[in-house]
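Quick look at start.txt (compact mmCIF, C-alpha atoms):
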```txt
# COMPACT_ATOMS: atom_id res chain seq x y z
CA MET A 1 -2.21 -9.21 -14.17
CA LEU A 2 -2.66 -6.45 -11.65
CA ALA A 3 -5.93 -7.18 -9.86
CA LYS A 4 -8.69 -4.64 -9.43
CA ARG A 5 -9.02 -3.95 -5.72
CA ILE A 6 -12.12 -4.20 -3.55
CA ILE A 7 -11.76 -1.93 -0.55
CA PRO A 8 -14.20 -1.80 2.35
CA CYS A 9 -14.26 1.60 3.95
CA LEU A 10 -14.87 2.06 7.63
CA ASP A 11 -16.07 5.54 8.47
CA VAL A 12 -15.20 5.98 12.09
CA LYS A 13 -16.65 8.33 14.69
CA ASN A 14 -15.58 8.13 18.33
CA GLY A 15 -14.13 4.67 17.73
CA GLU A 16 -17.31 3.31 16.15
CA THR A 17 -18.08 2.57 12.52
CA VAL A 18 -20.85 4.73 11.11
CA LYS A 19 -22.65 5.15 7.83
CA GLY A 20 -24.94 7.89 6.61
CA ILE A 21 -26.46 9.19 3.41
CA ASN A 22 -24.73 12.16 1.80
CA PHE A 23 -22.59 12.55 4.92
CA GLU A 24 -25.70 12.96 7.10
CA ASN A 25 -27.90 10.81 9.36
CA LEU A 26 -25.07 8.72 10.77
CA GLN A 27 -25.88 5.26 12.05
CA TYR A 28 -23.81 2.82 14.06
CA ALA A 29 -22.45 0.06 11.80
CA GLY A 30 -20.21 -2.11 13.99
CA ASP A 31 -16.93 -2.41 15.87
CA PRO A 32 -14.11 -1.30 13.54
CA ILE A 33 -11.59 -3.92 14.60
CA GLU A 34 -14.03 -6.80 14.34
CA LEU A 35 -15.16 -5.55 10.96
CA ALA A 36 -11.58 -5.10 9.76
CA LYS A 37 -10.74 -8.65 10.68
CA LYS A 38 -13.89 -10.00 9.11
CA TYR A 39 -13.20 -8.15 5.85
CA SER A 40 -9.61 -9.27 5.72
CA ASP A 41 -10.68 -12.88 6.22
CA ALA A 42 -13.33 -12.52 3.52
CA GLY A 43 -10.78 -11.41 0.93
CA ALA A 44 -10.77 -7.59 1.08
CA ASP A 45 -7.73 -6.34 -0.83
CA GLU A 46 -7.16 -3.33 1.40
CA LEU A 47 -9.00 -1.35 4.06
CA VAL A 48 -9.61 2.34 4.47
CA PHE A 49 -10.46 4.01 7.79
CA LEU A 50 -11.82 7.50 7.58
CA ASP A 51 -12.34 9.49 10.74
CA ILE A 52 -15.17 11.49 9.22
CA THR A 53 -15.67 13.85 12.11
CA ALA A 54 -12.04 14.64 12.65
CA THR A 55 -11.78 17.78 10.58
CA ASN A 56 -14.84 19.51 11.97
CA GLU A 57 -14.33 18.72 15.58
CA GLY A 58 -10.58 19.00 15.47
CA ARG A 59 -10.36 15.50 16.78
CA LYS A 60 -7.35 13.42 15.79
CA THR A 61 -7.86 9.93 14.47
CA THR A 62 -7.70 7.45 17.29
CA LEU A 63 -4.19 6.08 17.37
CA LYS A 64 -5.25 3.31 19.68
CA MET A 65 -7.71 1.95 17.18
CA VAL A 66 -5.08 2.02 14.45
CA GLU A 67 -2.68 0.11 16.69
CA ASN A 68 -5.28 -2.53 17.44
CA VAL A 69 -6.21 -2.92 13.80
CA ALA A 70 -2.56 -3.29 12.81
CA LYS A 71 -2.14 -6.04 15.38
CA GLN A 72 -4.90 -8.12 13.87
CA VAL A 73 -5.04 -7.25 10.20
CA PHE A 74 -2.36 -8.22 7.70
CA ILE A 75 -3.51 -6.53 4.55
CA PRO A 76 -2.67 -2.91 3.70
CA PHE A 77 -4.75 -0.22 5.33
CA THR A 78 -5.10 3.49 4.91
CA VAL A 79 -6.10 5.97 7.58
CA GLY A 80 -7.57 9.39 6.89
CA GLY A 81 -9.45 12.15 8.64
CA GLY A 82 -8.18 15.25 10.33
CA ILE A 83 -4.59 14.75 9.25
CA SER A 84 -2.90 18.08 8.75
CA SER A 85 0.81 17.71 9.43
CA ILE A 86 3.84 15.49 8.89
CA GLU A 87 3.75 14.83 12.65
CA ASP A 88 0.16 13.49 12.44
CA MET A 89 1.27 11.18 9.64
CA LYS A 90 4.33 9.95 11.51
CA ARG A 91 2.19 9.00 14.50
CA LEU A 92 -0.30 7.08 12.36
CA LEU A 93 2.34 5.31 10.29
CA SER A 94 4.23 4.22 13.37
CA ALA A 95 0.95 3.02 14.92
CA GLY A 96 0.70 0.65 11.95
CA ALA A 97 -1.06 2.43 9.10
CA ASP A 98 0.41 1.71 5.67
CA LYS A 99 -0.90 4.80 3.94
CA ILE A 100 -2.29 8.14 4.94
CA ALA A 101 -5.19 9.89 3.26
CA ILE A 102 -5.27 13.66 3.32
CA ASN A 103 -8.24 15.69 2.20
CA SER A 104 -9.10 19.17 3.47
CA ALA A 105 -5.56 19.81 4.69
CA ALA A 106 -4.20 19.16 1.21
CA VAL A 107 -6.58 21.71 -0.29
CA LYS A 108 -5.70 24.31 2.33
CA ASN A 109 -1.98 23.59 2.03
CA PRO A 110 -1.12 21.75 -1.21
CA ASP A 111 2.55 21.77 -0.26
CA LEU A 112 1.68 19.16 2.39
CA ILE A 113 1.32 16.64 -0.46
CA LYS A 114 4.84 17.37 -1.64
CA GLN A 115 6.31 17.41 1.85
CA SER A 116 4.72 14.11 2.80
CA SER A 117 5.55 12.31 -0.43
CA ASP A 118 9.15 13.51 -0.22
CA TYR A 119 9.35 12.37 3.38
CA PHE A 120 7.48 9.05 3.37
CA GLY A 121 7.43 8.26 -0.35
CA SER A 122 4.49 8.66 -2.73
CA GLN A 123 3.28 5.15 -1.95
CA CYS A 124 2.20 6.35 1.51
CA VAL A 125 0.27 9.36 0.36
CA VAL A 126 -3.34 9.05 -0.75
CA VAL A 127 -5.15 12.25 -1.59
CA ALA A 128 -8.83 11.89 -0.78
CA ILE A 129 -11.14 14.12 -2.75
CA ASP A 130 -14.86 14.75 -2.19
CA ALA A 131 -16.41 16.12 -5.35
CA LYS A 132 -19.83 17.11 -6.57
CA PHE A 133 -21.40 18.29 -9.80
CA SER A 134 -22.34 21.93 -9.56
CA GLU A 135 -23.07 24.57 -12.21
CA GLY A 136 -21.85 22.56 -15.16
CA ASP A 137 -18.69 21.05 -13.68
CA PHE A 138 -17.28 18.88 -10.91
CA TYR A 139 -15.95 20.81 -7.92
CA VAL A 140 -13.87 19.86 -4.88
CA PHE A 141 -15.53 20.09 -1.47
CA ILE A 142 -13.84 20.07 1.93
CA ASN A 143 -14.72 19.84 5.63
CA ALA A 144 -16.60 16.56 5.31
CA GLY A 145 -18.31 17.78 2.19
CA GLN A 146 -19.71 20.95 3.67
CA LYS A 147 -17.68 23.57 1.87
CA ASN A 148 -17.31 24.11 -1.86
CA THR A 149 -13.75 25.22 -2.52
CA GLY A 150 -14.56 26.53 -5.99
CA ILE A 151 -11.66 24.42 -7.29
CA LYS A 152 -12.45 22.37 -10.38
CA LEU A 153 -11.92 18.66 -9.83
CA ILE A 154 -9.96 18.25 -13.03
CA ASP A 155 -7.48 20.98 -12.06
CA TRP A 156 -7.07 19.58 -8.57
CA VAL A 157 -6.35 15.97 -9.61
CA LYS A 158 -3.66 17.07 -12.04
CA LYS A 159 -2.11 19.20 -9.35
CA VAL A 160 -2.07 16.48 -6.68
CA GLU A 161 -0.40 14.09 -9.09
CA LYS A 162 2.27 16.67 -9.85
CA LEU A 163 2.85 17.26 -6.14
CA GLY A 164 3.57 13.58 -5.57
CA ALA A 165 0.33 11.89 -4.51
CA GLY A 166 0.59 8.11 -4.82
CA GLU A 167 -3.13 7.48 -5.27
CA ILE A 168 -6.40 9.35 -5.48
CA LEU A 169 -9.41 8.31 -3.43
CA LEU A 170 -12.28 9.93 -5.27
CA THR A 171 -15.66 10.19 -3.58
CA SER A 172 -18.71 11.35 -5.46
CA MET A 173 -20.88 13.26 -3.01
CA ASP A 174 -23.77 13.01 -5.44
CA ALA A 175 -23.61 9.21 -5.48
CA ASP A 176 -22.48 8.60 -1.89
CA GLY A 177 -25.01 6.67 0.16
CA THR A 178 -27.52 6.33 -2.68
CA GLN A 179 -26.55 2.73 -3.54
CA ASN A 180 -27.37 3.55 -7.17
CA GLY A 181 -23.87 2.87 -8.48
CA PHE A 182 -20.59 4.73 -8.76
CA ASP A 183 -20.37 8.05 -10.54
CA LEU A 184 -18.93 6.68 -13.78
CA ASN A 185 -18.57 10.00 -15.58
CA MET A 186 -16.67 11.63 -12.77
CA THR A 187 -14.45 8.61 -12.16
CA LYS A 188 -13.65 8.27 -15.85
CA LEU A 189 -12.81 11.95 -16.09
CA VAL A 190 -10.24 11.63 -13.31
CA VAL A 191 -8.81 8.30 -14.52
CA GLU A 192 -8.22 9.79 -17.96
CA ASN A 193 -6.45 12.84 -16.60
CA VAL A 194 -3.92 11.31 -14.20
CA ASN A 195 -1.46 8.44 -14.36
CA ILE A 196 -1.65 7.42 -10.69
CA PRO A 197 -4.12 4.81 -9.41
CA VAL A 198 -7.68 5.99 -8.76
CA ILE A 199 -9.96 4.48 -6.12
CA ALA A 200 -13.63 5.10 -6.91
CA SER A 201 -15.92 5.72 -3.95
CA GLY A 202 -19.54 6.55 -3.30
CA GLY A 203 -22.72 4.95 -4.54
CA ALA A 204 -22.00 1.21 -4.53
CA GLY A 205 -25.16 -0.81 -4.04
CA ALA A 206 -25.71 -4.54 -3.61
CA CYS A 207 -25.19 -5.01 -7.32
CA VAL A 208 -22.18 -6.61 -8.98
CA GLU A 209 -22.80 -4.49 -12.10
CA HIS A 210 -21.91 -1.34 -10.16
CA PHE A 211 -18.41 -2.68 -9.64
CA LYS A 212 -18.12 -4.21 -13.08
CA ASP A 213 -19.04 -0.85 -14.60
CA VAL A 214 -16.64 1.21 -12.54
CA PHE A 215 -13.79 -1.13 -13.48
CA GLU A 216 -14.70 -1.66 -17.14
CA LEU A 217 -16.36 1.58 -18.17
CA ALA A 218 -14.60 4.08 -15.92
CA ASN A 219 -11.37 2.06 -15.67
CA ALA A 220 -10.94 2.64 -11.93
CA ASP A 221 -8.09 0.74 -10.28
CA ALA A 222 -10.01 0.05 -7.10
CA ALA A 223 -13.53 0.40 -5.78
CA LEU A 224 -14.44 1.36 -2.27
CA ALA A 225 -17.71 0.66 -0.50
CA ALA A 226 -19.10 0.60 3.02
CA SER A 227 -22.80 -0.14 3.61
CA ILE A 228 -23.11 -3.18 1.37
CA PHE A 229 -20.31 -4.81 3.33
CA HIS A 230 -21.36 -3.55 6.78
CA TYR A 231 -24.92 -4.74 6.33
CA ASN A 232 -23.85 -7.80 4.32
CA THR A 233 -26.16 -7.05 1.41
CA LEU A 234 -23.33 -7.95 -0.98
CA PRO A 235 -20.63 -9.93 0.84
CA ILE A 236 -17.06 -9.43 -0.39
CA LYS A 237 -16.65 -13.09 -1.25
CA THR A 238 -19.74 -13.15 -3.45
CA LEU A 239 -18.78 -9.88 -5.10
CA LYS A 240 -15.28 -11.09 -5.94
CA GLN A 241 -16.54 -14.43 -7.27
CA GLN A 242 -19.09 -12.69 -9.47
CA LEU A 243 -16.56 -10.21 -10.81
CA LYS A 244 -14.25 -13.06 -11.65
CA ILE A 245 -16.99 -14.80 -13.59
CA ASN A 246 -17.40 -11.50 -15.44
CA ASN A 247 -13.72 -11.63 -16.47
CA ILE A 248 -12.58 -8.81 -14.21
CA SER A 249 -9.05 -9.37 -12.92
CA ILE A 250 -9.55 -10.17 -9.23
CA ARG A 251 -7.34 -11.64 -6.55
CA ASP A 252 -8.39 -15.15 -5.44
CA MET B 1 19.29 -16.39 18.60
CA SER B 2 16.91 -14.08 16.85
CA ILE B 3 16.02 -12.35 13.64
CA VAL B 4 17.11 -8.74 13.56
CA ILE B 5 14.87 -6.27 11.75
CA ILE B 6 17.03 -3.34 10.76
CA ASP B 7 15.63 -0.01 11.95
CA TYR B 8 17.30 2.62 9.80
CA GLY B 9 14.44 5.09 9.84
CA MET B 10 12.93 4.06 6.50
CA SER B 11 9.99 1.85 7.17
CA ASN B 12 6.87 0.90 8.92
CA LEU B 13 8.65 -1.52 11.23
CA GLY B 14 5.49 -2.31 13.16
CA SER B 15 3.93 -4.28 10.31
CA ILE B 16 6.91 -6.48 9.63
CA ARG B 17 7.57 -7.07 13.33
CA ARG B 18 3.97 -8.08 14.02
CA ALA B 19 3.85 -10.31 10.94
CA MET B 20 7.09 -12.04 11.90
CA GLU B 21 5.84 -12.60 15.44
CA GLU B 22 2.58 -13.94 14.08
CA CYS B 23 4.68 -16.39 12.03
CA GLY B 24 6.38 -17.56 15.19
CA ALA B 25 9.72 -15.75 14.94
CA ASP B 26 11.76 -14.31 17.78
CA VAL B 27 12.53 -10.84 16.45
CA LEU B 28 14.60 -7.90 17.56
CA VAL B 29 13.99 -4.50 16.00
CA SER B 30 17.36 -2.84 16.25
CA ASN B 31 18.97 0.49 15.50
CA ASN B 32 22.38 -0.83 16.55
CA PRO B 33 24.49 -2.43 13.78
CA GLU B 34 26.43 -4.42 16.40
CA ASP B 35 23.27 -6.51 16.97
CA LEU B 36 23.78 -8.11 13.56
CA LYS B 37 26.75 -9.98 15.00
CA ILE B 38 24.49 -11.93 17.33
CA SER B 39 21.60 -12.44 14.91
CA ASP B 40 21.00 -15.56 12.91
CA LYS B 41 18.94 -13.85 10.25
CA ILE B 42 18.46 -10.30 9.03
CA ILE B 43 15.45 -8.49 7.60
CA LEU B 44 15.98 -5.26 5.72
CA PRO B 45 12.54 -3.66 5.35
CA GLY B 46 11.88 -0.29 3.86
CA VAL B 47 9.63 2.14 2.15
CA GLY B 48 10.84 5.39 0.65
CA ALA B 49 13.58 6.49 -1.69
CA PHE B 50 16.78 4.59 -2.57
CA GLY B 51 19.13 7.54 -1.94
CA ASP B 52 17.72 8.28 1.51
CA GLY B 53 17.81 4.59 2.39
CA MET B 54 21.49 4.19 1.53
CA LYS B 55 22.36 7.48 3.20
CA ASN B 56 20.80 6.22 6.43
CA LEU B 57 22.45 2.80 6.20
CA ASN B 58 25.83 4.43 5.60
CA ASN B 59 25.52 7.15 8.23
CA GLN B 60 24.28 4.77 10.90
CA GLY B 61 27.10 2.30 10.29
CA TRP B 62 25.07 -0.58 8.85
CA THR B 63 26.60 -1.03 5.40
CA LYS B 64 29.93 -2.60 6.30
CA ILE B 65 28.52 -4.90 8.98
CA ILE B 66 25.66 -6.08 6.75
CA ARG B 67 28.13 -6.96 4.00
CA GLU B 68 30.41 -8.79 6.43
CA GLU B 69 27.64 -10.80 8.07
CA VAL B 70 25.99 -11.69 4.78
CA LEU B 71 29.02 -12.35 2.59
CA GLU B 72 31.52 -13.75 5.09
CA ASN B 73 29.37 -15.29 7.81
CA LYS B 74 26.63 -16.33 5.36
CA ILE B 75 23.82 -14.97 7.54
CA PRO B 76 20.56 -15.08 5.52
CA ILE B 77 19.12 -11.68 4.69
CA LEU B 78 15.66 -10.83 3.35
CA GLY B 79 15.17 -7.42 1.76
CA ILE B 80 11.57 -6.30 1.38
CA CYS B 81 10.45 -3.66 -1.16
CA LEU B 82 13.00 -0.83 -0.84
CA GLY B 83 15.00 -3.31 1.24
CA MET B 84 15.26 -5.61 -1.80
CA GLN B 85 16.22 -2.70 -4.01
CA LEU B 86 19.03 -1.67 -1.65
CA LEU B 87 20.64 -5.10 -2.23
CA ALA B 88 21.50 -3.88 -5.76
CA THR B 89 24.73 -2.41 -7.07
CA LYS B 90 23.20 0.93 -7.94
CA GLY B 91 19.97 2.83 -7.66
CA HIS B 92 18.69 5.57 -9.96
CA GLU B 93 15.99 7.17 -7.83
CA GLY B 94 16.55 10.94 -7.63
CA GLY B 95 20.19 10.60 -8.76
CA GLU B 96 22.66 7.77 -8.89
CA PHE B 97 23.56 6.00 -5.64
CA ASP B 98 25.66 2.99 -4.71
CA GLY B 99 23.68 0.18 -3.10
CA LEU B 100 24.78 -2.67 -0.82
CA ASN B 101 25.87 -4.60 -3.93
CA LEU B 102 24.90 -7.98 -2.54
CA ILE B 103 23.17 -9.03 -5.76
CA GLU B 104 24.38 -7.41 -8.95
CA GLY B 105 21.82 -5.18 -10.57
CA GLU B 106 20.42 -1.69 -10.90
CA VAL B 107 17.21 -0.14 -9.64
CA VAL B 108 15.35 1.81 -12.29
CA LYS B 109 11.98 3.48 -12.66
CA PHE B 110 9.08 1.78 -14.43
CA THR B 111 8.35 3.01 -17.92
CA SER B 112 4.66 2.88 -18.71
CA LEU B 113 4.24 0.87 -21.92
CA ASP B 114 0.52 0.42 -22.18
CA ASP B 115 -0.98 3.20 -20.07
CA GLU B 116 -0.04 1.37 -16.86
CA ARG B 117 -0.35 3.58 -13.83
CA ILE B 118 2.72 4.32 -11.73
CA PRO B 119 3.19 3.52 -8.86
CA HIS B 120 2.35 -0.15 -9.33
CA VAL B 121 -0.12 -0.55 -6.47
CA GLY B 122 -2.10 -3.62 -5.55
CA TRP B 123 -2.18 -7.39 -5.77
CA ASN B 124 -0.37 -8.95 -8.68
CA GLU B 125 0.69 -12.45 -9.64
CA ILE B 126 4.17 -13.88 -9.53
CA VAL B 127 5.58 -16.33 -12.02
CA LYS B 128 8.21 -18.52 -10.42
CA THR B 129 11.24 -18.67 -12.67
CA LYS B 130 13.52 -20.71 -10.44
CA GLU B 131 13.26 -22.89 -7.36
CA SER B 132 14.06 -21.12 -4.10
CA PRO B 133 13.62 -22.20 -0.47
CA ILE B 134 11.54 -19.09 0.32
CA PHE B 135 8.97 -20.20 -2.26
CA GLU B 136 8.36 -23.60 -0.78
CA GLY B 137 4.62 -24.27 -0.78
CA ILE B 138 3.92 -21.16 -2.87
CA GLU B 139 1.95 -21.86 -6.00
CA ASP B 140 2.84 -20.31 -9.29
CA GLY B 141 0.49 -17.42 -10.01
CA SER B 142 -0.02 -16.50 -6.33
CA ASP B 143 -1.03 -12.89 -5.71
CA PHE B 144 1.09 -10.61 -3.53
CA TYR B 145 0.72 -6.96 -2.54
CA PHE B 146 3.00 -4.48 -4.32
CA VAL B 147 3.50 -0.76 -4.00
CA HIS B 148 6.48 0.74 -5.84
CA SER B 149 7.58 2.87 -8.78
CA TYR B 150 11.09 1.47 -9.18
CA HIS B 151 12.22 -2.09 -9.81
CA PHE B 152 15.31 -4.25 -9.63
CA LYS B 153 17.02 -5.03 -12.94
CA ALA B 154 19.24 -8.00 -12.13
CA LYS B 155 22.47 -8.33 -14.07
CA ASN B 156 22.32 -12.13 -13.91
CA LYS B 157 19.10 -13.83 -14.86
CA GLU B 158 19.79 -16.75 -12.50
CA ASP B 159 19.41 -14.43 -9.49
CA VAL B 160 15.75 -13.81 -10.37
CA ILE B 161 13.37 -16.34 -8.79
CA ALA B 162 10.06 -14.73 -9.77
CA THR B 163 8.81 -12.21 -12.26
CA THR B 164 5.63 -10.19 -12.43
CA SER B 165 4.00 -8.66 -15.42
CA TYR B 166 3.70 -4.86 -15.23
CA CYS B 167 5.14 -2.30 -17.66
CA GLY B 168 6.56 -5.36 -19.37
CA GLU B 169 8.03 -7.76 -16.87
CA PHE B 170 10.07 -7.15 -13.75
CA ALA B 171 11.87 -9.16 -11.06
CA SER B 172 9.42 -9.56 -8.19
CA ALA B 173 11.78 -11.75 -6.12
CA ILE B 174 15.49 -12.47 -6.17
CA ASN B 175 17.74 -14.99 -4.45
CA LYS B 176 21.45 -15.64 -4.57
CA ASN B 177 22.82 -18.07 -1.99
CA ASN B 178 21.81 -16.70 1.44
CA ILE B 179 20.55 -13.40 0.00
CA PHE B 180 16.81 -12.96 -0.65
CA GLY B 181 14.66 -10.09 -1.79
CA THR B 182 10.95 -9.58 -2.47
CA GLN B 183 9.61 -6.51 -4.21
CA PHE B 184 6.18 -7.36 -2.80
CA HIS B 185 5.23 -7.00 0.85
CA PRO B 186 4.90 -10.51 2.34
CA GLU B 187 3.87 -8.94 5.65
CA LYS B 188 0.80 -7.46 3.93
CA SER B 189 -0.04 -10.43 1.72
CA ILE B 190 -1.87 -12.99 3.81
CA PRO B 191 -1.89 -15.93 3.51
CA VAL B 192 0.83 -16.53 0.89
CA GLY B 193 3.07 -13.78 2.24
CA PHE B 194 3.16 -15.40 5.65
CA GLN B 195 4.26 -18.65 4.01
CA VAL B 196 7.22 -16.78 2.48
CA LEU B 197 8.12 -15.32 5.89
CA LYS B 198 7.82 -18.75 7.53
CA ASN B 199 10.07 -20.22 4.85
CA PHE B 200 12.65 -17.56 5.60
CA ILE B 201 12.32 -18.12 9.35
CA ASN B 202 12.79 -21.87 8.85
CA LEU B 203 15.84 -21.63 6.57
```

Mind turning this structure into structure tokens?
Amino acid sequence: MLAKRIIPCLDVKNGETVKGINFENLQYAGDPIELAKKYSDAGADELVFLDITATNEGRKTTLKMVENVAKQVFIPFTVGGGISSIEDMKRLLSAGADKIAINSAAVKNPDLIKQSSDYFGSQCVVVAIDAKFSEGDFYVFINAGQKNTGIKLIDWVKKVEKLGAGEILLTSMDADGTQNGFDLNMTKLVVENVNIPVIASGGAGACVEHFKDVFELANADAALAASIFHYNTLPIKTLKQQLKINNISIRD
Amino acid sequence: MSIVIIDYGMSNLGSIRRAMEECGADVLVSNNPEDLKISDKIILPGVGAFGDGMKNLNNQGWTKIIREEVLENKIPILGICLGMQLLATKGHEGGEFDGLNLIEGEVVKFTSLDDERIPHVGWNEIVKTKESPIFEGIEDGSDFYFVHSYHFKAKNKEDVIATTSYCGEFASAINKNNIFGTQFHPEKSIPVGFQVLKNFINL
């Protein structure tokens, strides 16, 4: 059976891993390469690196870091942040990334999803979406969550699937950093409206139930978390063992 | 003597090269088909579409030499993901295209039977259906990393060495004589994937 994936996310700023609440108050959380290796050894199913400052500061994701990670980590990893062209993607993929996540650039230029999936194949293209509940509906935000696009989440996910996205990485800005659990309603809404895999993100606390719920109740294909792994409040090994006991399909 | 990894512009060669080196292999990433004549094993990696893959192999002069080395000189070849699919007779991704025809079969898209999501992404189990040297030391039910929307429909059941359950059941690994293919990515599936690569290296 296809296993549900546990994905540690490393938010990276100037080559360091950081974590904040609601995209603010960033704190240093460890060396990305050391963390990547540690997570891979502990049984992480994939890794995601997001260069969270890239869009605002126009800074490109550090290729060097990607190269070093690829040298030491032999599970799939995705890189996102500040990617706005096929050329950016080519550089990252040849540095060793397996998949590319595009966020703001996809909203500004949806055709980039089609171009990149035609060029590299859908399996390489993850569309990352930051969404928030506002005035009765979920809306898509860009620029590290600072700008409401006015685009309804449900319309956007259908569109990105049509354009050739291989996966959706869905972050709830309301839940992110709270450690109160994933946004089940929002995740479920997206899962039910697309046929590509959905990675739920934002809100995971040191609580196995949070993961169990997002897999069982919202039917997410993968769950992404950062703090609980960085600060070791819920180690990956423990989490996976507990999920297994709870009859969730998990890789040994 | 070395293992040539074919560079035909369709894959993340870095991952497979690093994984092979980590497994102790002497590898040469090559964009020159003539290098196959001095190799003792071949890896055909690949991500992307079947039609583009074959177009590149044909235009860059790989097809004929691969067939010669594999069929006449019995050089072992391992196709990974799209690389496995290209071993087929035909592919049906974005049209109909001739493949390398090293193992008879056709490459077709998954049909979702029970709300399965496509592409098939993530770690899934293999069921070994036949003994094969590349599966030495690999336990039945081991998890490997997959990412694909198309799969290999082998004409002859005896060429299939493992199946995986998704949208029904599909061939997750094939082997006929010196020809091997894995739909999963051994280079991204530590530790079991590295065992598969080591088995291929040690053939």

- Message: Would you compute the distance between CA of Val66 in chain A and CA of Ile86 in chain A? Give it in Å to one decimal.
- Response: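 Separation between CA of Val66 in chain A and CA of Ile86 in chain A: 17.1 Å.
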
- So what do you get for CA of Met173 in chain A versus CA of Ala218 in chain A, distance-wise?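 Pair CA of Met173 in chain A / CA of Ala218 in chain A returns 17.0 Å.
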
- Message: Taking all atoms listed in the file into account and nothing else, which residues of chain A lie no more than 7 Å away from chain B? Please answer as a PyMOL selection string.
- Response: chain A and resi 1-3+5+71+74-76+93-94+96+120-121+123+166+195-197+251

Keeping C-alpha atoms, export the residues of the selection given above as a tab-separated table (two decimals), in the coordinates of the input.
```tsv
chain	number	residue	atom	x	y	z
A	1	MET	CA	-2.21	-9.21	-14.17
A	2	LEU	CA	-2.66	-6.45	-11.65
A	3	ALA	CA	-5.93	-7.18	-9.86
A	5	ARG	CA	-9.02	-3.95	-5.72
A	71	LYS	CA	-2.14	-6.04	15.38
A	74	PHE	CA	-2.36	-8.22	7.70
A	75	ILE	CA	-3.51	-6.53	4.55
A	76	PRO	CA	-2.67	-2.91	3.70
A	93	LEU	CA	2.34	5.31	10.29
A	94	SER	CA	4.23	4.22	13.37
A	96	GLY	CA	0.70	0.65	11.95
A	120	PHE	CA	7.48	9.05	3.37
A	121	GLY	CA	7.43	8.26	-0.35
A	123	GLN	CA	3.28	5.15	-1.95
A	166	GLY	CA	0.59	8.11	-4.82
A	195	ASN	CA	-1.46	8.44	-14.36
A	196	ILE	CA	-1.65	7.42	-10.69
A	197	PRO	CA	-4.12	4.81	-9.41
A	251	ARG	CA	-7.34	-11.64	-6.55
```

- Item | Atom-to-atom span, CA of Glu87 in chain A and CA of Cys9 in chain A, Å |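 Answer for the CA of Glu87 in chain A to CA of Cys9 in chain A separation: 24.0 Å.
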
- Query: Trp156 in chain A: which residues within 10 Å, counting all atoms listed in the file, same-chain residues fewer than 5 positions away excluded, as a ChimeraX atom specification?
  - Reply: /A:107,110,129,139-140,151,161-162,190

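Nearest-residue note for Gly51 in chain B: choosing from B:Glu72, B:Glu106, B:Glu93, B:Asp26, the minimum distance belongs to B:Glu93, counting all atoms listed in the file.
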
- Query: What's the 12 Å shell around Leu163 in chain A, counting all atoms listed in the file, without same-chain residues fewer than 5 positions away, as a ChimeraX atom specification?
  - Reply: /A:106-107,109-118,121-122,125-127,156-158,196

Give me the residues within 9 Å of Gly168 in chain B as a compact mmCIF listing (two decimals) with C-alpha atoms, in the frame of the given file, counting only C-alpha atoms and dropping any in the same chain fewer than 6 places off.
```txt
# COMPACT_ATOMS: atom_id res chain seq x y z
CA THR B 111 8.35 3.01 -17.92
CA SER B 112 4.66 2.88 -18.71
CA LEU B 113 4.24 0.87 -21.92
CA ASP B 114 0.52 0.42 -22.18
```

- Excluding range 33-44 of chain B and residues on its chain fewer than 5 positions from it, collect all residues at most 10 Å away from it, counting all atoms listed in the file, and give them as JSON, numbers by chain. {"B": [1, 2, 3, 4, 5, 6, 7, 8, 10, 11, 13, 16, 17, 27, 28, 57, 60, 61, 62, 63, 64, 65, 66, 68, 69, 70, 73, 74, 75, 76, 77, 78, 79, 80, 81, 82, 83, 84, 86, 87, 178, 179, 180, 181, 200, 201, 203]}

Each side padded by 3 Å, which centre and which edge lengths in Å (one decimal) define the axis-aligned box around the listed atoms of range 35-51 of chain A? Give them as lines of an AutoDock Vina configuration file.
```
center_x = -11.2
center_y = -1.7
center_z = 5.1
size_x = 14.0
size_y = 28.4
size_z = 17.8
```

- Message: Just checking: using all atoms listed in the file, which residue out of A:His230, A:Phe77, A:Lys188, A:Gly43 ends up closest to Asp31 in chain A?
- Response: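 Among the listed residues, A:His230 lies closest to Asp31 in chain A.
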
- Item | Shell around Ser132 in chain B at 8 Å using only C-alpha atoms, local window under 2 positions removed, as a ChimeraX atom specification | /B:130,134-136,161,175

- Residue with the minimum atom-to-atom distance to Cys124 in chain A, picked from B:Gly24, B:Lys155, B:Ile103, B:Gly46 with all atoms listed in the file counted, is B:Gly46
